[in-house]
Amino acid sequence: MIGFADRLAEITKKIKGASIIDEDFVKEVVRDVQRALLEADVDVKLVLELSKRIEKRALEEEPPAGVPKRDYLLRIVYEELVELLGGEKTEGLDIDLSRDVNVIMLVGLYGMGKTTTAAKLARYLQRKGYRVGLVGADPYRPAAGEQLRQLAEEVDVPVHVEDVDDAVEMAVKGVEALKDECDVVIVDTAGRDRLSEDLIDELREMAERIEPHEVLLVLDATVGQKAGDHAEAFHEAVQLTGVVITKLDTAAKGGGALSAVARTGAPIKFVGTGERVDDLEEFNPRSFVARLLGIGDIDELLRRTEEMLEEEEKAEDVLEGEFTLKDLYEQLEALSKMGPVDKLLQYVPGMGGGRNVRKISQITEERLKKYKVIMDSMTEKELENPEILNKSRIRRIAIGSGTSERDVIELLNHYRMMKDVIEDIQSGRIPRIGGELGR
Ligand code: GDP
């Protein structure tokens with residue numbers, strides 16, 4: 001069956017390939033997102049809330065000028081998924097040095113990467129300056145203790161594997177043995193091949209005895225829809241405080257994690273990205289969702305939208321106050337960063353009508369460059385109020401910028417035309433239509 005991550009990647013592809021983003025299309029996308037989330041076992045109520053928000057935003061919000069509607073729609077889907085995963089911030093571990101000892105308990109089924117993660121976390125915390133110790137609590141697999149000892153040696157932290165055949169006893173004795181020399185003790189519990197009553201009972205009892213400050217569920221990225229059920233069962237027994245997704249370096253995208261988070265409310269705190277003890281990263285919702293959506297360049301997409309939003313705000317500012325040569329300069333600078341002039345004029349507010357507007361739109365890029373050089377030779381005061389320029393200053397500016405007096409005067413004429421247009425818009429003589437052009 002097609003997985004959650006694949007579904008999201010399909011949606012991304014659909015949005016990217018769309019030629020028209022109208023209400024029908026938005027609704028279709030929202031339905032697709034709903035279906036993907038429901039299939040991933042995300043709570044129905046949550047799915048409805050999320051899809052409603054996506055639909056509302058997609059239909060109501062205007063993308064900033066220069067950002068295609070489909071990029072903006074993708075951004076909305078992305079943002080809402082990030083929100084579902086707990087927002088932009090990553091939650092750290094609850095560690096308090098005033099405690100006798102901080103106990104972190106790792107739970108999960110066999111093969112998920114629990115033992116490896118225990119060692120990775122030890123290294124991570126050790127790098128932060130904590131004294132860390134590892135405790136083995138798996139009496140069922142003799143090899144488990146040995147594996148933990150080797151990893152502890154590699155990370156160079158103390159380890160305790162009590163030689164008894166009771167998991168709870170191993171955990172209690174281990175914490176006891178290490179708590180004096182450690183700030184943080186990480187307990188690597190025993191798993192099972194699948195969820196079972198006795199595992200749940202064992203963990204519950206263990207948690208009651210060692211009173212962990214953090215209980216992290218270790219989930220491997222390949223666990224799909226079952227992740228929700230697993231997480232819930234563990235959560236009922238031992239109140240999860242976080243999730244670690246391992247094996248994100250493989251082809252698996254970890255879509256199941258979303259259901260684990262949605263069902264338990266426990267945030268993803270770390271991700272495992274390889275077999276080595278250094279391959280642990282703090283969870284980053286942005287890159288995780290980008291991966292789920294199958295977009296590698298989400299930051300680029302967001303950055304561009306952000307820039308355009310800023311430009312739009314600047315244009316709004318211009319419309320509010322006195323239009324100075326400095327504003328023109330800023331606009332020209334923005335324009336020259338963005339590309340060909342005709343496309344760019346959409347950013348200039350009110351580029352909708354009038355003879356002056358048509359004239360301004362005929363400014364070539366070469367001239368824009370010249371204007372910038374000229375303005376670089378002006379003083380701050382002159383930029384604020386070009387009316388103070390007299391003949392001799394115009395001559396000096398022309399010499400200073402390696403242009404001619406005619407060029408300077410031409411720029412001033414353009415400025416006056418722009419100023420007129422802006423004033424017309426401010427007084428309501430020309431409607432503000434800048435936003436709708438060129439999409
Ligand atoms: P446990 O049974 O839950 O303790 O799982 P282990 O820690 O023994 O890990 C099971 C297997 O998964 C081992 O071969 C690990 O090397 C591997 N593994 C664990 N974490 C990662 C990871 O982030 N990436 C990859 N590629 N392999 C991992």
# chains A, B, ... in the order shown; residues from 1 in each chain; ligands from 1
$ residues_near_ligand --ligand "ligand 1" --cutoff "7 Å" --atoms "only C-alpha atoms and all ligand atoms" --output "PyMOL selection string"
chain A and resi 108-117+191+246-250+272-275+279
$ select_by_dssp --residues "region 47-110 of chain A" --states "strand (DSSP E or B)" --output "PDB file with N, CA, C and O atoms, in the first residue's frame"
ATOM      1  N   ASN A 102      19.245  12.524  36.887  1.00  0.00           N
ATOM      2  CA  ASN A 102      18.194  12.616  35.866  1.00  0.00           C
ATOM      3  C   ASN A 102      18.116  11.278  35.159  1.00  0.00           C
ATOM      4  O   ASN A 102      19.134  10.756  34.691  1.00  0.00           O
ATOM      5  N   VAL A 103      16.916  10.740  35.090  1.00  0.00           N
ATOM      6  CA  VAL A 103      16.770   9.413  34.486  1.00  0.00           C
ATOM      7  C   VAL A 103      16.023   9.498  33.160  1.00  0.00           C
ATOM      8  O   VAL A 103      14.935  10.077  33.077  1.00  0.00           O
ATOM      9  N   ILE A 104      16.645   8.957  32.138  1.00  0.00           N
ATOM     10  CA  ILE A 104      15.999   8.890  30.824  1.00  0.00           C
ATOM     11  C   ILE A 104      15.764   7.425  30.494  1.00  0.00           C
ATOM     12  O   ILE A 104      16.679   6.605  30.552  1.00  0.00           O
ATOM     13  N   MET A 105      14.527   7.101  30.194  1.00  0.00           N
ATOM     14  CA  MET A 105      14.194   5.709  29.898  1.00  0.00           C
ATOM     15  C   MET A 105      13.875   5.604  28.408  1.00  0.00           C
ATOM     16  O   MET A 105      13.087   6.392  27.886  1.00  0.00           O
ATOM     17  N   LEU A 106      14.517   4.649  27.736  1.00  0.00           N
ATOM     18  CA  LEU A 106      14.221   4.451  26.313  1.00  0.00           C
ATOM     19  C   LEU A 106      13.364   3.208  26.161  1.00  0.00           C
ATOM     20  O   LEU A 106      13.706   2.149  26.682  1.00  0.00           O
ATOM     21  N   VAL A 107      12.233   3.354  25.469  1.00  0.00           N
ATOM     22  CA  VAL A 107      11.361   2.197  25.271  1.00  0.00           C
ATOM     23  C   VAL A 107      11.114   1.979  23.775  1.00  0.00           C
ATOM     24  O   VAL A 107      11.270   2.904  22.978  1.00  0.00           O
TER      25      VAL A 107
END
$ atom_distance --atom1 "CA of Val184 (chain A)" --atom2 "CA of Pro139 (chain A)"
22.2 Å
$ select_by_dssp --residues "region 105-151 of chain A" --states "helix (DSSP H, G or I)" --output "number ranges by chain"
A: 114-127, 142-151
